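Peer 1: Structure file data_14.cif (mmCIF, N, CA and C atoms) right here:
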```
data_run
loop_
_atom_site.label_atom_id
_atom_site.label_comp_id
_atom_site.auth_asym_id
_atom_site.auth_seq_id
_atom_site.Cartn_x
_atom_site.Cartn_y
_atom_site.Cartn_z
N MET A 858 -3.82 23.85 -25.06
CA MET A 858 -4.13 22.65 -24.31
C MET A 858 -5.48 22.10 -24.76
N THR A 859 -5.58 20.80 -24.74
CA THR A 859 -6.84 20.18 -25.14
C THR A 859 -7.65 19.82 -23.91
N GLU A 860 -8.95 19.80 -24.09
CA GLU A 860 -9.83 19.42 -23.00
C GLU A 860 -10.10 17.94 -23.05
N LEU A 861 -10.22 17.35 -21.89
CA LEU A 861 -10.61 15.95 -21.82
C LEU A 861 -12.13 15.90 -21.84
N THR A 862 -12.70 15.35 -22.89
CA THR A 862 -14.15 15.35 -23.00
C THR A 862 -14.76 14.01 -22.61
N ALA A 863 -14.03 12.94 -22.80
CA ALA A 863 -14.58 11.63 -22.46
C ALA A 863 -13.45 10.73 -22.00
N ARG A 864 -13.79 9.84 -21.13
CA ARG A 864 -12.80 8.87 -20.67
C ARG A 864 -12.90 7.62 -21.54
N VAL A 865 -11.76 7.11 -21.90
CA VAL A 865 -11.72 5.92 -22.72
C VAL A 865 -11.74 4.71 -21.80
N PRO A 866 -12.71 3.81 -21.97
CA PRO A 866 -12.74 2.63 -21.11
C PRO A 866 -11.54 1.73 -21.37
N VAL A 867 -11.00 1.21 -20.31
CA VAL A 867 -9.85 0.32 -20.42
C VAL A 867 -10.29 -1.07 -20.01
N ARG A 868 -10.07 -2.02 -20.89
CA ARG A 868 -10.43 -3.39 -20.56
C ARG A 868 -9.28 -4.03 -19.80
N SER A 869 -9.62 -4.73 -18.78
CA SER A 869 -8.59 -5.40 -18.00
C SER A 869 -9.14 -6.72 -17.48
N SER A 870 -8.24 -7.59 -17.16
CA SER A 870 -8.65 -8.89 -16.62
C SER A 870 -9.05 -8.73 -15.16
N ARG A 871 -9.69 -9.75 -14.63
CA ARG A 871 -10.08 -9.71 -13.22
C ARG A 871 -8.87 -9.60 -12.32
N LEU A 872 -7.80 -10.25 -12.69
CA LEU A 872 -6.62 -10.25 -11.84
C LEU A 872 -6.01 -8.86 -11.70
N SER A 873 -6.18 -8.01 -12.71
CA SER A 873 -5.62 -6.67 -12.61
C SER A 873 -6.43 -5.79 -11.67
N LYS A 874 -7.64 -6.19 -11.30
CA LYS A 874 -8.47 -5.40 -10.40
C LYS A 874 -8.25 -5.76 -8.94
N ILE A 875 -7.47 -6.78 -8.68
CA ILE A 875 -7.21 -7.20 -7.31
C ILE A 875 -6.16 -6.26 -6.72
N ASN A 876 -6.37 -5.86 -5.50
CA ASN A 876 -5.41 -5.00 -4.82
C ASN A 876 -4.29 -5.88 -4.27
N TRP A 877 -3.27 -6.07 -5.09
CA TRP A 877 -2.17 -6.98 -4.73
C TRP A 877 -1.38 -6.47 -3.53
N THR A 878 -1.30 -5.17 -3.33
CA THR A 878 -0.56 -4.67 -2.17
C THR A 878 -1.29 -5.03 -0.87
N ALA A 879 -2.62 -5.00 -0.89
CA ALA A 879 -3.39 -5.37 0.30
C ALA A 879 -3.20 -6.86 0.61
N ILE A 880 -3.22 -7.68 -0.43
CA ILE A 880 -3.03 -9.11 -0.23
C ILE A 880 -1.61 -9.39 0.29
N GLY A 881 -0.63 -8.72 -0.31
CA GLY A 881 0.75 -8.90 0.15
C GLY A 881 0.93 -8.45 1.59
N GLY A 882 0.30 -7.33 1.95
CA GLY A 882 0.37 -6.86 3.34
C GLY A 882 -0.28 -7.82 4.32
N ALA A 883 -1.41 -8.40 3.92
CA ALA A 883 -2.08 -9.37 4.79
C ALA A 883 -1.23 -10.62 4.97
N VAL A 884 -0.63 -11.09 3.90
CA VAL A 884 0.22 -12.29 3.99
C VAL A 884 1.43 -12.00 4.89
N MET A 885 2.06 -10.85 4.70
CA MET A 885 3.22 -10.51 5.53
C MET A 885 2.83 -10.35 7.00
N THR A 886 1.64 -9.79 7.26
CA THR A 886 1.17 -9.66 8.63
C THR A 886 0.98 -11.03 9.26
N LEU A 887 0.36 -11.95 8.53
CA LEU A 887 0.16 -13.30 9.07
C LEU A 887 1.48 -14.03 9.28
N VAL A 888 2.40 -13.90 8.34
CA VAL A 888 3.71 -14.55 8.48
C VAL A 888 4.44 -14.00 9.70
N THR A 889 4.40 -12.68 9.87
CA THR A 889 5.10 -12.06 11.00
C THR A 889 4.48 -12.47 12.33
N THR A 890 3.15 -12.41 12.42
CA THR A 890 2.50 -12.77 13.69
C THR A 890 2.69 -14.26 13.99
N ASN A 891 2.73 -15.09 12.96
CA ASN A 891 2.97 -16.51 13.16
C ASN A 891 4.41 -16.74 13.64
N ALA A 892 5.35 -16.01 13.05
CA ALA A 892 6.76 -16.15 13.45
C ALA A 892 6.97 -15.68 14.89
N LEU A 893 6.18 -14.71 15.33
CA LEU A 893 6.30 -14.23 16.70
C LEU A 893 5.65 -15.17 17.70
N GLY A 894 4.92 -16.17 17.19
CA GLY A 894 4.29 -17.16 18.05
C GLY A 894 2.98 -16.70 18.67
N LEU A 895 2.32 -15.73 18.04
CA LEU A 895 1.04 -15.27 18.57
C LEU A 895 -0.05 -16.30 18.28
N ASP A 896 -1.02 -16.38 19.18
CA ASP A 896 -2.10 -17.34 18.96
C ASP A 896 -3.02 -16.88 17.83
N ASP A 897 -3.90 -17.77 17.40
CA ASP A 897 -4.76 -17.49 16.24
C ASP A 897 -5.65 -16.27 16.45
N ALA A 898 -6.23 -16.14 17.65
CA ALA A 898 -7.14 -15.03 17.92
C ALA A 898 -6.39 -13.69 17.83
N THR A 899 -5.17 -13.65 18.33
CA THR A 899 -4.38 -12.42 18.27
C THR A 899 -3.98 -12.12 16.83
N GLN A 900 -3.66 -13.15 16.06
CA GLN A 900 -3.31 -12.95 14.65
C GLN A 900 -4.48 -12.33 13.90
N VAL A 901 -5.69 -12.81 14.17
CA VAL A 901 -6.88 -12.26 13.50
C VAL A 901 -7.08 -10.80 13.89
N LYS A 902 -6.87 -10.47 15.16
CA LYS A 902 -7.03 -9.08 15.62
C LYS A 902 -5.99 -8.17 14.95
N VAL A 903 -4.75 -8.63 14.87
CA VAL A 903 -3.70 -7.83 14.25
C VAL A 903 -4.00 -7.63 12.77
N LEU A 904 -4.43 -8.71 12.09
CA LEU A 904 -4.75 -8.62 10.67
C LEU A 904 -5.91 -7.66 10.43
N ALA A 905 -6.96 -7.77 11.25
CA ALA A 905 -8.11 -6.88 11.10
C ALA A 905 -7.71 -5.43 11.35
N GLY A 906 -6.90 -5.20 12.36
CA GLY A 906 -6.46 -3.84 12.66
C GLY A 906 -5.61 -3.25 11.56
N SER A 907 -4.70 -4.04 11.02
CA SER A 907 -3.84 -3.52 9.95
C SER A 907 -4.64 -3.29 8.68
N THR A 908 -5.63 -4.12 8.41
CA THR A 908 -6.48 -3.93 7.23
C THR A 908 -7.31 -2.66 7.36
N LEU A 909 -7.87 -2.44 8.54
CA LEU A 909 -8.65 -1.21 8.77
C LEU A 909 -7.76 0.03 8.67
N ALA A 910 -6.56 -0.04 9.23
CA ALA A 910 -5.64 1.10 9.16
C ALA A 910 -5.25 1.38 7.71
N GLN A 911 -4.99 0.33 6.94
CA GLN A 911 -4.61 0.51 5.54
C GLN A 911 -5.76 1.13 4.75
N SER A 912 -6.97 0.67 5.00
CA SER A 912 -8.13 1.22 4.30
C SER A 912 -8.34 2.70 4.64
N ALA A 913 -8.20 3.03 5.91
CA ALA A 913 -8.37 4.43 6.33
C ALA A 913 -7.30 5.32 5.70
N LEU A 914 -6.06 4.85 5.71
CA LEU A 914 -4.98 5.64 5.12
C LEU A 914 -5.15 5.79 3.61
N THR A 915 -5.68 4.76 2.96
CA THR A 915 -5.94 4.84 1.52
C THR A 915 -6.98 5.92 1.23
N ILE A 916 -8.04 5.96 2.02
CA ILE A 916 -9.07 6.97 1.84
C ILE A 916 -8.50 8.37 2.06
N VAL A 917 -7.72 8.53 3.11
CA VAL A 917 -7.12 9.84 3.41
C VAL A 917 -6.20 10.26 2.27
N PHE A 918 -5.35 9.36 1.79
CA PHE A 918 -4.42 9.71 0.73
C PHE A 918 -5.15 10.05 -0.56
N ARG A 919 -6.14 9.24 -0.94
CA ARG A 919 -6.88 9.52 -2.17
C ARG A 919 -7.61 10.85 -2.09
N THR A 920 -8.19 11.16 -0.94
CA THR A 920 -8.89 12.44 -0.77
C THR A 920 -7.90 13.59 -0.90
N TRP A 921 -6.75 13.48 -0.23
CA TRP A 921 -5.74 14.54 -0.32
C TRP A 921 -5.26 14.69 -1.76
N PHE A 922 -4.96 13.57 -2.42
CA PHE A 922 -4.44 13.63 -3.77
C PHE A 922 -5.46 14.24 -4.73
N ASN A 923 -6.71 13.78 -4.64
CA ASN A 923 -7.75 14.31 -5.53
C ASN A 923 -7.99 15.80 -5.32
N ASN A 924 -7.84 16.27 -4.10
CA ASN A 924 -8.03 17.69 -3.82
C ASN A 924 -6.81 18.53 -4.21
N SER A 925 -5.63 17.90 -4.24
CA SER A 925 -4.43 18.67 -4.54
C SER A 925 -4.13 18.72 -6.04
N VAL A 926 -4.71 17.80 -6.81
CA VAL A 926 -4.48 17.80 -8.25
C VAL A 926 -5.75 18.29 -8.93
N SER A 927 -5.65 19.43 -9.56
CA SER A 927 -6.80 20.00 -10.26
C SER A 927 -6.39 20.36 -11.67
N PRO A 928 -7.34 20.57 -12.57
CA PRO A 928 -6.98 20.99 -13.91
C PRO A 928 -6.12 22.25 -13.92
N ALA A 929 -6.37 23.16 -12.98
CA ALA A 929 -5.58 24.39 -12.92
C ALA A 929 -4.12 24.10 -12.58
N SER A 930 -3.90 23.14 -11.66
CA SER A 930 -2.53 22.83 -11.29
C SER A 930 -1.80 22.07 -12.38
N LEU A 931 -2.55 21.47 -13.30
CA LEU A 931 -1.95 20.76 -14.42
C LEU A 931 -1.78 21.66 -15.64
N GLY A 932 -2.17 22.93 -15.50
CA GLY A 932 -2.03 23.87 -16.60
C GLY A 932 -3.12 23.75 -17.65
N GLN A 933 -4.27 23.24 -17.25
CA GLN A 933 -5.38 23.08 -18.21
C GLN A 933 -6.46 24.11 -17.93
#
```
Show me this structure written as structure tokens.
Peer 2:
Amino acid sequence: MTELTARVPVRSSRLSKINWTAIGGAVMTLVTTNALGLDDATQVKVLAGSTLAQSALTIVFRTWFNNSVSPASLGQ
């Protein structure tokens, strides 16, 4: 097995750095709350809550994933 000694930088456009799933989730949340007839203040609260929940779950998942995948588990 070979060792990874350096990371190769990857060039990407600005658009590739946008979290499209977060944007899609926000749009779907607004469409759903609008379809339910909720007022603007409630829509903002629901959107803020769902964004915070998504961010928290992302942190939890990334922490779990980073701790569960190690060079030893990959056979390195």
Peer 1: Could you tell me how far atom N of Ala879 of chain A sits from atom N of Leu904 of chain A, in Å to one decimal place?
Peer 2: 13.6 Å
Peer 1: Find the residues around Asn891 of chain A up to 12 Å (only C-alpha atoms counted), leave out those fewer than 5 positions away in its own chain, and share them as a list in words.
Peer 2: Val884, Met885, Thr886, Asp896, Asp897, Ala898, Thr899, Gln900, Val901, Val903 and Leu904 of chain A
Peer 1: Taking N, CA and C atoms for each residue, export the selection above as an mmCIF file, keeping the file's coordinate frame.
Peer 2:
```
data_model
loop_
_atom_site.group_PDB
_atom_site.id
_atom_site.type_symbol
_atom_site.label_atom_id
_atom_site.label_comp_id
_atom_site.auth_asym_id
_atom_site.auth_seq_id
_atom_site.Cartn_x
_atom_site.Cartn_y
_atom_site.Cartn_z
ATOM 1 N N VAL A 884 -0.630 -11.090 3.900
ATOM 2 C CA VAL A 884 0.220 -12.290 3.990
ATOM 3 C C VAL A 884 1.430 -12.000 4.890
ATOM 4 N N MET A 885 2.060 -10.850 4.700
ATOM 5 C CA MET A 885 3.220 -10.510 5.530
ATOM 6 C C MET A 885 2.830 -10.350 7.000
ATOM 7 N N THR A 886 1.640 -9.790 7.260
ATOM 8 C CA THR A 886 1.170 -9.660 8.630
ATOM 9 C C THR A 886 0.980 -11.030 9.260
ATOM 10 N N ASP A 896 -1.020 -16.380 19.180
ATOM 11 C CA ASP A 896 -2.100 -17.340 18.960
ATOM 12 C C ASP A 896 -3.020 -16.880 17.830
ATOM 13 N N ASP A 897 -3.900 -17.770 17.400
ATOM 14 C CA ASP A 897 -4.760 -17.490 16.240
ATOM 15 C C ASP A 897 -5.650 -16.270 16.450
ATOM 16 N N ALA A 898 -6.230 -16.140 17.650
ATOM 17 C CA ALA A 898 -7.140 -15.030 17.920
ATOM 18 C C ALA A 898 -6.390 -13.690 17.830
ATOM 19 N N THR A 899 -5.170 -13.650 18.330
ATOM 20 C CA THR A 899 -4.380 -12.420 18.270
ATOM 21 C C THR A 899 -3.980 -12.120 16.830
ATOM 22 N N GLN A 900 -3.660 -13.150 16.060
ATOM 23 C CA GLN A 900 -3.310 -12.950 14.650
ATOM 24 C C GLN A 900 -4.480 -12.330 13.900
ATOM 25 N N VAL A 901 -5.690 -12.810 14.170
ATOM 26 C CA VAL A 901 -6.880 -12.260 13.500
ATOM 27 C C VAL A 901 -7.080 -10.800 13.890
ATOM 28 N N VAL A 903 -4.750 -8.630 14.870
ATOM 29 C CA VAL A 903 -3.700 -7.830 14.250
ATOM 30 C C VAL A 903 -4.000 -7.630 12.770
ATOM 31 N N LEU A 904 -4.430 -8.710 12.090
ATOM 32 C CA LEU A 904 -4.750 -8.620 10.670
ATOM 33 C C LEU A 904 -5.910 -7.660 10.430
#
```
Peer 1: Have a look at A:Asn923, A:Leu895, A:Thr915, A:Thr908 and name the one nearest to Gly881 of chain A; count only C-alpha atoms.
Peer 2: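 Checking each candidate against Gly881 of chain A, we get A:Thr908 as the closest.
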Peer 1: Can you measure atom CA of Ala910 of chain A to atom CA of Ser925 of chain A for me? One decimal in Å is fine.
Peer 2: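 So the two atoms, atom CA of Ala910 of chain A and atom CA of Ser925 of chain A, lie 22.3 Å apart.
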